[in-house]
Each structure stands twice: as structure tokens, then as C-alpha cells.
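Okay, coords.tsv now, which holds TSV, C-alpha atoms:
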chain	number	residue	atom	x	y	z
A	3	MET	CA	-16.07	23.35	-23.69
A	4	SER	CA	-13.18	20.95	-24.42
A	5	HIS	CA	-13.39	17.62	-22.65
A	6	LEU	CA	-10.51	15.24	-21.88
A	7	VAL	CA	-11.13	11.61	-20.89
A	8	ILE	CA	-8.35	9.73	-19.08
A	9	VAL	CA	-8.66	5.95	-18.73
A	10	ASP	CA	-7.22	4.11	-15.73
A	11	GLY	CA	-5.97	1.31	-17.96
A	12	HIS	CA	-5.21	-1.57	-15.63
A	13	ALA	CA	-8.20	-0.87	-13.37
A	14	ILE	CA	-10.54	-1.20	-16.35
A	15	LEU	CA	-8.66	-4.23	-17.70
A	16	HIS	CA	-9.06	-6.00	-14.36
A	17	ARG	CA	-12.76	-5.13	-14.26
A	18	ALA	CA	-13.17	-6.30	-17.84
A	19	TYR	CA	-11.38	-9.59	-17.22
A	20	HIS	CA	-13.75	-10.48	-14.40
A	21	SER	CA	-16.83	-9.26	-16.29
A	22	ILE	CA	-16.33	-10.90	-19.70
A	23	PRO	CA	-16.47	-14.71	-20.14
A	24	PRO	CA	-13.31	-16.43	-21.45
A	25	LEU	CA	-12.53	-15.42	-25.01
A	26	SER	CA	-9.47	-16.20	-27.10
A	27	VAL	CA	-8.00	-15.49	-30.53
A	28	ASN	CA	-5.53	-18.06	-31.87
A	29	GLY	CA	-5.16	-19.48	-28.38
A	30	GLN	CA	-4.43	-16.09	-26.78
A	31	PRO	CA	-6.92	-14.99	-24.09
A	32	VAL	CA	-8.42	-11.63	-25.05
A	33	ASN	CA	-11.49	-11.16	-22.85
A	34	ALA	CA	-9.86	-8.35	-20.83
A	35	ILE	CA	-8.80	-6.57	-24.02
A	36	TYR	CA	-12.26	-7.00	-25.51
A	37	GLY	CA	-13.95	-5.60	-22.38
A	38	PHE	CA	-11.43	-2.77	-22.16
A	39	TYR	CA	-12.23	-1.54	-25.66
A	40	SER	CA	-15.93	-2.13	-25.15
A	41	MET	CA	-15.68	0.26	-22.19
A	42	ILE	CA	-13.77	2.80	-24.29
A	43	LEU	CA	-16.45	2.70	-26.99
A	44	SER	CA	-19.16	3.22	-24.37
A	45	ALA	CA	-17.26	6.16	-22.91
A	46	LEU	CA	-16.71	7.76	-26.32
A	47	ASP	CA	-20.41	7.50	-27.12
A	48	THR	CA	-21.67	8.50	-23.66
A	49	LEU	CA	-19.18	11.21	-22.74
A	50	ASN	CA	-18.40	12.53	-26.24
A	51	PRO	CA	-14.89	13.73	-25.34
A	52	ASP	CA	-12.57	15.79	-27.51
A	53	TYR	CA	-9.37	14.16	-26.21
A	54	LEU	CA	-8.48	10.68	-24.93
A	55	ILE	CA	-5.54	9.30	-22.91
A	56	VAL	CA	-4.91	5.88	-21.35
A	57	CYS	CA	-2.62	5.58	-18.31
A	58	LEU	CA	-1.01	2.25	-17.42
A	59	ASP	CA	0.89	0.88	-14.43
A	60	SER	CA	4.53	-0.04	-15.04
A	61	PRO	CA	5.93	-3.40	-13.96
A	62	GLY	CA	8.09	-3.42	-10.86
A	63	PRO	CA	8.07	-1.45	-7.61
A	64	ASN	CA	7.13	2.22	-7.26
A	65	PHE	CA	8.05	4.88	-4.75
A	66	ARG	CA	5.35	3.66	-2.32
A	67	ASN	CA	7.15	0.32	-2.00
A	68	GLU	CA	10.25	2.27	-0.96
A	69	GLU	CA	8.26	4.19	1.65
A	70	PHE	CA	6.58	1.06	3.04
A	71	VAL	CA	7.88	-2.42	2.27
A	72	GLY	CA	4.47	-3.96	2.94
A	73	TYR	CA	2.66	-1.84	0.37
A	74	ARG	CA	0.23	-4.11	-1.52
A	75	ALA	CA	2.13	-7.13	-0.17
A	76	ASN	CA	-1.05	-9.08	0.56
A	77	ARG	CA	-2.53	-8.84	-2.94
A	78	LYS	CA	-3.06	-12.10	-4.74
A	79	PRO	CA	-1.18	-12.51	-8.03
A	80	ALA	CA	-3.29	-11.82	-11.10
A	81	ASP	CA	-4.73	-14.81	-12.97
A	82	VAL	CA	-2.40	-16.20	-15.60
A	83	ASP	CA	-4.88	-15.46	-18.40
A	84	LEU	CA	-5.10	-11.83	-17.30
A	85	LYS	CA	-1.33	-11.48	-16.92
A	86	SER	CA	-0.86	-12.76	-20.47
A	87	GLN	CA	-3.03	-9.93	-21.81
A	88	LEU	CA	-1.47	-6.99	-19.97
A	89	PRO	CA	1.80	-6.79	-22.00
A	90	VAL	CA	-0.25	-6.74	-25.22
A	91	VAL	CA	-2.24	-3.64	-24.27
A	92	PRO	CA	0.38	-0.98	-25.25
A	93	ASP	CA	0.64	-2.55	-28.71
A	94	THR	CA	-3.14	-2.45	-29.11
A	95	LEU	CA	-3.16	1.22	-28.10
A	96	GLU	CA	-0.51	1.93	-30.73
A	97	THR	CA	-2.65	0.21	-33.37
A	98	ALA	CA	-5.71	2.12	-32.17
A	99	ASN	CA	-3.70	5.37	-32.28
A	100	ILE	CA	-4.67	6.22	-28.69
A	101	ALA	CA	-2.21	8.23	-26.60
A	102	HIS	CA	-0.95	6.29	-23.59
A	103	TYR	CA	1.41	6.87	-20.68
A	104	ALA	CA	3.36	4.65	-18.29
A	105	LEU	CA	6.33	5.62	-16.11
A	106	GLY	CA	8.55	3.46	-13.92
A	107	GLY	CA	8.42	4.30	-10.22
A	108	PHE	CA	4.87	5.66	-10.38
A	109	GLU	CA	1.40	4.17	-10.52
A	110	ALA	CA	-1.18	4.96	-13.17
A	111	ASP	CA	-3.05	6.96	-10.49
A	112	ASP	CA	-0.12	9.38	-10.26
A	113	LEU	CA	0.04	9.78	-14.04
A	114	ILE	CA	-3.70	10.40	-14.13
A	115	GLY	CA	-3.49	13.00	-11.37
A	116	SER	CA	-0.58	14.77	-13.03
A	117	LEU	CA	-2.09	14.76	-16.53
A	118	ALA	CA	-5.50	15.90	-15.30
A	119	THR	CA	-3.92	18.78	-13.39
A	120	LYS	CA	-1.59	19.73	-16.23
A	121	SER	CA	-4.30	19.59	-18.90
A	122	LEU	CA	-6.52	22.04	-17.03
A	123	ARG	CA	-3.65	24.54	-16.96
A	124	LYS	CA	-2.68	24.35	-20.63
A	125	LYS	CA	-3.53	27.40	-22.71
A	126	ILE	CA	-3.40	28.52	-26.33
A	127	ASN	CA	-3.73	32.20	-27.15
A	128	HIS	CA	-4.33	32.81	-23.43
A	129	LYS	CA	-7.40	30.56	-23.44
A	130	LYS	CA	-7.58	27.31	-21.51
A	131	MET	CA	-7.59	24.26	-23.76
A	132	ILE	CA	-9.38	21.84	-21.44
A	133	SER	CA	-12.34	22.81	-19.30
A	134	LYS	CA	-13.42	19.36	-18.10
A	135	VAL	CA	-11.69	16.06	-17.29
A	136	THR	CA	-13.42	12.71	-16.81
A	137	ILE	CA	-11.44	9.77	-15.40
A	138	ILE	CA	-12.66	6.28	-16.23
A	139	THR	CA	-11.79	4.01	-13.33
A	140	GLY	CA	-13.08	1.52	-10.80
A	141	ASP	CA	-10.63	2.74	-8.15
A	142	LYS	CA	-12.10	4.74	-5.26
A	143	ASP	CA	-8.65	6.19	-4.48
A	144	LEU	CA	-9.10	8.53	-7.45
A	145	MET	CA	-12.08	10.17	-5.75
A	146	GLN	CA	-9.55	12.46	-4.08
A	147	LEU	CA	-9.05	14.16	-7.47
A	148	VAL	CA	-12.72	15.03	-7.96
A	149	ASN	CA	-13.60	18.72	-8.05
A	150	ALA	CA	-15.71	21.14	-10.10
A	151	LYS	CA	-13.72	20.28	-13.25
A	152	ILE	CA	-12.72	16.64	-12.66
A	153	ASN	CA	-15.20	13.79	-12.28
A	154	LEU	CA	-15.09	10.01	-12.37
A	155	PHE	CA	-16.90	7.64	-14.73
A	156	VAL	CA	-17.13	4.39	-12.78
A	157	PRO	CA	-18.40	0.93	-13.80
A	158	VAL	CA	-20.91	-0.03	-11.14
A	159	ARG	CA	-22.03	-3.49	-12.23
A	160	GLY	CA	-19.67	-5.30	-14.58
A	161	LEU	CA	-19.14	-2.95	-17.50
A	162	SER	CA	-22.76	-2.36	-18.49
A	163	GLU	CA	-23.82	0.03	-15.72
A	164	THR	CA	-21.85	3.18	-14.95
A	165	LYS	CA	-22.08	6.18	-12.66
A	166	LEU	CA	-20.61	9.67	-12.80
A	167	TYR	CA	-19.03	10.93	-9.59
A	168	GLY	CA	-18.75	14.62	-8.85
A	169	PRO	CA	-18.20	16.10	-5.37
A	170	PRO	CA	-21.78	15.37	-4.15
A	171	GLU	CA	-21.58	11.72	-5.25
A	172	VAL	CA	-18.20	11.26	-3.53
A	173	LYS	CA	-19.66	12.66	-0.29
A	174	GLU	CA	-22.66	10.34	-0.62
A	175	LYS	CA	-20.44	7.31	-1.30
A	176	LEU	CA	-17.66	7.83	1.25
A	177	GLY	CA	-19.18	10.21	3.76
A	178	VAL	CA	-16.42	12.79	3.22
A	179	THR	CA	-15.55	15.42	0.63
A	180	PRO	CA	-12.99	14.66	-2.11
A	181	SER	CA	-10.38	16.76	-0.28
A	182	GLN	CA	-10.82	14.54	2.80
A	183	VAL	CA	-10.47	11.18	1.04
A	184	VAL	CA	-6.73	10.95	1.73
A	185	ASP	CA	-7.18	11.68	5.43
A	186	LEU	CA	-10.03	9.17	5.63
A	187	LYS	CA	-7.62	6.52	4.36
A	188	ALA	CA	-4.90	7.83	6.70
A	189	LEU	CA	-7.18	7.13	9.65
A	190	MET	CA	-8.78	3.89	8.46
A	191	GLY	CA	-5.84	2.42	6.59
A	192	ASP	CA	-6.43	0.31	3.48
A	193	SER	CA	-6.55	-3.47	3.56
A	194	SER	CA	-6.33	-3.68	-0.24
A	195	ASP	CA	-3.10	-1.68	-0.41
A	196	ASN	CA	-2.00	-3.05	2.97
A	197	TYR	CA	-1.15	0.13	4.81
A	198	PRO	CA	-2.02	0.44	8.45
A	199	GLY	CA	-3.84	3.66	9.39
A	200	VAL	CA	-4.81	3.96	13.05
A	201	ALA	CA	-5.64	0.63	14.69
A	202	GLY	CA	-9.19	0.62	16.03
A	203	ILE	CA	-10.40	3.57	13.92
A	204	GLY	CA	-13.08	2.41	11.49
A	205	PRO	CA	-15.15	4.25	8.88
A	206	VAL	CA	-17.69	5.78	11.26
A	207	ALA	CA	-15.10	7.07	13.74
A	208	ALA	CA	-12.93	8.40	10.89
A	209	MET	CA	-15.87	10.20	9.26
A	210	ASN	CA	-16.93	11.72	12.59
A	211	LEU	CA	-13.43	13.00	13.27
A	212	LEU	CA	-13.16	14.55	9.81
A	213	GLU	CA	-16.62	16.08	10.03
A	214	LYS	CA	-15.64	17.86	13.24
A	215	TYR	CA	-11.96	18.63	12.64
A	216	HIS	CA	-11.84	18.65	8.80
A	217	HIS	CA	-8.30	17.29	8.24
A	218	LEU	CA	-5.63	15.11	9.84
A	219	ASP	CA	-3.39	17.90	11.14
A	220	ASN	CA	-6.32	19.54	12.90
A	221	ILE	CA	-7.33	16.23	14.48
A	222	TYR	CA	-3.87	15.90	16.00
A	223	THR	CA	-3.96	19.53	17.12
A	224	HIS	CA	-7.14	18.80	19.09
A	225	LEU	CA	-6.22	15.49	20.71
A	226	ALA	CA	-7.02	16.94	24.14
A	227	ASP	CA	-10.61	17.56	23.03
A	228	ILE	CA	-11.18	14.02	21.74
A	229	LYS	CA	-12.49	11.16	23.89
A	230	PRO	CA	-9.57	9.48	25.68
A	231	ALA	CA	-10.23	6.05	24.15
A	232	VAL	CA	-9.97	7.51	20.64
A	233	SER	CA	-7.21	9.98	21.50
A	234	GLU	CA	-5.03	7.15	22.82
A	235	LYS	CA	-5.38	5.23	19.57
A	236	LEU	CA	-4.53	8.32	17.54
A	237	THR	CA	-1.49	9.04	19.70
A	238	LYS	CA	-0.20	5.49	19.56
A	239	ASP	CA	-0.46	5.23	15.75
A	240	LYS	CA	0.38	8.80	14.76
A	241	ASP	CA	3.34	7.71	12.65
A	242	ASN	CA	1.18	5.12	10.87
A	243	ALA	CA	-1.50	7.72	10.21
A	244	TYR	CA	0.95	10.07	8.49
A	245	LEU	CA	2.64	7.23	6.64
A	246	SER	CA	-0.76	6.10	5.36
A	247	GLN	CA	-1.61	9.66	4.36
A	248	LYS	CA	1.58	9.82	2.29
A	249	LEU	CA	0.92	6.46	0.65
A	250	ALA	CA	-2.68	7.39	-0.16
A	251	THR	CA	-1.86	10.75	-1.73
A	252	ILE	CA	-1.86	10.75	-5.53
A	253	VAL	CA	1.04	12.66	-7.07
A	254	THR	CA	-0.17	15.51	-9.27
A	255	ASN	CA	3.08	17.17	-10.33
A	256	ILE	CA	5.02	14.59	-12.35
A	257	PRO	CA	6.67	16.62	-15.16
A	258	LEU	CA	5.07	14.69	-18.02
A	259	LYS	CA	5.11	16.01	-21.55
A	260	LEU	CA	1.53	16.56	-22.69
A	261	ARG	CA	0.80	17.43	-26.33
A	262	LEU	CA	-2.95	17.65	-26.57
A	263	ARG	CA	-2.92	17.44	-30.35
A	264	ASP	CA	-1.59	13.89	-29.98
A	265	THR	CA	-4.59	12.98	-27.83
A	266	LYS	CA	-7.33	14.54	-29.95
A	267	ILE	CA	-10.14	12.28	-31.10
A	268	THR	CA	-10.66	12.50	-34.84
A	269	PRO	CA	-12.40	10.34	-37.45
A	270	SER	CA	-9.07	8.57	-37.93
A	271	THR	CA	-9.28	7.44	-34.28
A	272	TYR	CA	-12.32	5.38	-35.21
A	273	ASP	CA	-10.59	4.09	-38.33
A	274	SER	CA	-7.69	2.90	-36.18
A	275	LEU	CA	-10.06	1.29	-33.67
A	276	GLU	CA	-11.79	-0.55	-36.49
A	277	LYS	CA	-8.43	-1.79	-37.74
A	278	LEU	CA	-7.62	-3.12	-34.26
A	279	PHE	CA	-11.02	-4.78	-33.88
A	280	SER	CA	-10.57	-6.46	-37.25
A	281	GLU	CA	-7.17	-7.84	-36.20
A	282	TYR	CA	-8.77	-9.41	-33.12
A	283	ASN	CA	-11.98	-10.41	-34.90
A	284	PHE	CA	-14.07	-8.37	-32.44
A	285	LYS	CA	-17.10	-8.38	-34.73
A	286	SER	CA	-19.56	-7.01	-32.18
A	287	LEU	CA	-17.27	-4.04	-31.45
A	288	ILE	CA	-16.94	-3.35	-35.18
A	289	SER	CA	-20.74	-3.41	-35.46
A	290	ARG	CA	-21.12	-0.98	-32.55
A	291	LEU	CA	-18.46	1.33	-33.91
A	292	ARG	CA	-19.98	1.43	-37.41
A	293	ARG	CA	-23.47	1.97	-36.00
A	294	HIS	CA	-22.42	5.09	-34.10
A	295	HIS	CA	-19.60	6.23	-36.41
A	296	PRO	CA	-20.38	5.09	-39.98
A	297	VAL	CA	-17.42	4.71	-42.31
A	298	ALA	CA	-18.90	7.05	-44.92
A	299	THR	CA	-19.40	9.75	-42.31
A	300	ARG	CA	-15.83	9.36	-41.06
A	301	ILE	CA	-14.43	9.71	-44.57
A	302	LYS	CA	-16.53	12.81	-45.24
A	303	VAL	CA	-15.52	14.46	-41.97
A	304	GLN	CA	-11.83	13.68	-42.50
A	305	SER	CA	-11.85	15.25	-45.95
A	306	ASN	CA	-13.24	18.51	-44.58
A	307	GLN	CA	-11.52	18.61	-41.22
A	308	THR	CA	-8.91	21.10	-40.12
A	309	SER	CA	-7.49	21.40	-36.63
A	310	LEU	CA	-5.52	24.01	-34.73
A	311	PHE	CA	-4.36	21.52	-32.13

What do you get writing this file as C-alpha cells?
Amino acid sequence: MSHLVIVDGHAILHRAYHSIPPLSVNGQPVNAIYGFYSMILSALDTLNPDYLIVCLDSPGPNFRNEEFVGYRANRKPADVDLKSQLPVVPDTLETANIAHYALGGFEADDLIGSLATKSLRKKINHKKMISKVTIITGDKDLMQLVNAKINLFVPVRGLSETKLYGPPEVKEKLGVTPSQVVDLKALMGDSSDNYPGVAGIGPVAAMNLLEKYHHLDNIYTHLADIKPAVSEKLTKDKDNAYLSQKLATIVTNIPLKLRLRDTKITPSTYDSLEKLFSEYNFKSLISRLRRHHPVATRIKVQSNQTSLF
């Protein structure tokens, strides 16, 4: 079973920045970068994937800003020390020889959704290349992608405690199935992303409606059967509900070029990571890497390794 891990880059960097005490190298803050790669090491050792990709947000607006001018308008600017680290990340990924994607006009979520979907369809000699995808993220929006072959690996407390989310865990967490996550947000709105939903419809009412009617279209088909107080709210904010549904939906069909052989984890991946950690003087990460992936073992494996991908 071939396993692909996709990292929600900026989500993990933000989590790392707020979890790791201030740390700098030659005056440059690096605590977010340190925590980011600490998380990647943990994922490599815990999940043991065959392939690895990092997806990053691009600077500037995306198509959701064009759909709704207020999208994310109420978010506070990132701390200066965090902002100074974000432009460095692509260079660190190059040094670490880790495949990474960013595309103007789209969020990392859309790249993740598209790459996860595309990877599960890729075949060689009529056999599927990838049978399982794990997304590393702290963003609940990505729960809409969860299914029998896609799960989430989520930091729960700082970076030290994590949880895997499959369909049962999503239902336990949100009260709806993964396929209903978008419509839950369509009804409730999202204060973080600043889109409206239906005024007066909170989590309990939204979950009850979806439990009975399953999806947004069916809710609006059955307005006559819903209590007048709720039906009036739904009628009044119908346009907002469908706008919010559109904003919440992750794009899964961006025509990205995916060459799995460029994302394959090999002993040289760990060599490149060690080179990066040495450049930043991340001694504890070097120690962890060597403990789980000794240099001598890497050299031996590389000398004997052949790959079809």
C-alpha cells in the first residue's frame, strides 16, 4: 500500500510559531521553521509515508476574494516575526529536496484537495500508485476531504500531541459526515473566514437540519416542512447560504502536474534534511533524524536502492 502525505504548509507554520518559544539564527527568527520541520520529522516517523508534498498559500488575493470582498477581511495581520519566516520556507524546502506547490489565485487547501484527488487516480501498468493519503493540517475546513482513503493528521495540543481523523472522527468532532462539512459551514457561516451563512442558525440547528435533510439543496426543497421561525431565516439568507457554500468548498480539480517520482521519500531525503538542519544549527532535529535514520543505514540503502517511480 503506497502512502502519500501532504502537508498544509502555512497552517503548520502558524501552529509551530505559536507553539515554539522565540528562536533565531543570526538575528533571523526561525521558531516557525524549526517547529514546521519538527512536525515533518514526527509525521515521517509516525506515518511512514512513501511520498511527501508540501502545499503553500500564495501571496495576494484568491478567487474567493473575487466572489466575496469580505472574505477573511477581519483576520489580524500575522506577527512580524512570523511574516519574516514565511518567504524563507520555499528555499528551505528546496534545500530539503521536498516537493512543494503554490499557485496564485488558489489557497493551499485547493492544491491539497486537487493533489489528493489526482494522486489516488494515478496508475502505472494499470495499477493505482497511491492507495492512501494523509493530510497534515490544523484546519478543520479540510475535514470535507476525508473519506475511506483520505484522512487528516492534526496537531491537537501544540505540536506534541496529534490525532488522526477518518470519517468517524469527523462525525464525532463536528456532528456531521465529511460530505456535509461544506453545508454545515454554509448554514453556520465562518467567523474566521468572515463569510455570513444564515443569520440565527448556529451549530445545533445546522446539525439538526443536516441530520434530517442531509444537504443544503434538500433543506431548501423542504422549507414548508421546517418550523416557521427557522424557515424564515433560511428564506431570508438563501443567497448568503449558497455564497458561503461556494466559499467553503475546496477545489479538487486544479490541473496540476503531479510526478510522483519527484515526491518519493528516499534515503537522500534524510540527507537533504540533515543538510538543512545543519545550515540552521537545529541540533536537536539532527539528533532526532540520526536516531531514527542513521547515516550509515542511509548510505547502505542508497547504494542498493532502485526505483521504478

**Neighbour list for Leu249 of chain A as a VMD selection string, cut-off 8 Å, all atoms listed in the file, skip fewer than 4 positions in-chain** = chain A and resid 66 69 197 245

**Message:** Taking 4 positions as the minimum chain separation for residues in the same chain, which residues sit within 12 Å of segment 70-76 of chain A when counting all atoms listed in the file? Answer as a list in words.
**Reply:** Pro63, Asn64, Phe65, Arg66, Gly191, Asp192, Ser193, Ser194, Asp195, Asn196, Tyr197, Pro198, Asn242, Tyr244, Leu245, Ser246, Gln247, Lys248, Leu249 and Ala250 of chain A

**Straight-line distance linking atom CA of Ala243 of chain A with atom CA of Ile114 of chain A, stated in Å to one decimal** =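 Interatomic distance here is 24.6 Å.
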
**Request:** Could you check how far atom CA of Ile252 of chain A sits from atom CA of Asp143 of chain A, in Å to one decimal?
**Result:** 8.2 Å

Tell me, counting only C-alpha atoms, for each residue of segment 137-166 of chain A within 12 Å of segment 254-272 of chain A, which pair of atoms is nearest and how far apart they are in Å to one decimal, in rows ordered by chain and increasing number, as a tab-separated table.
residue	atom	partner	partner_atom	distance
A:Leu144	CA	A:Thr254	CA	11.5
A:Gln146	CA	A:Thr254	CA	11.1
A:Leu147	CA	A:Thr254	CA	9.2
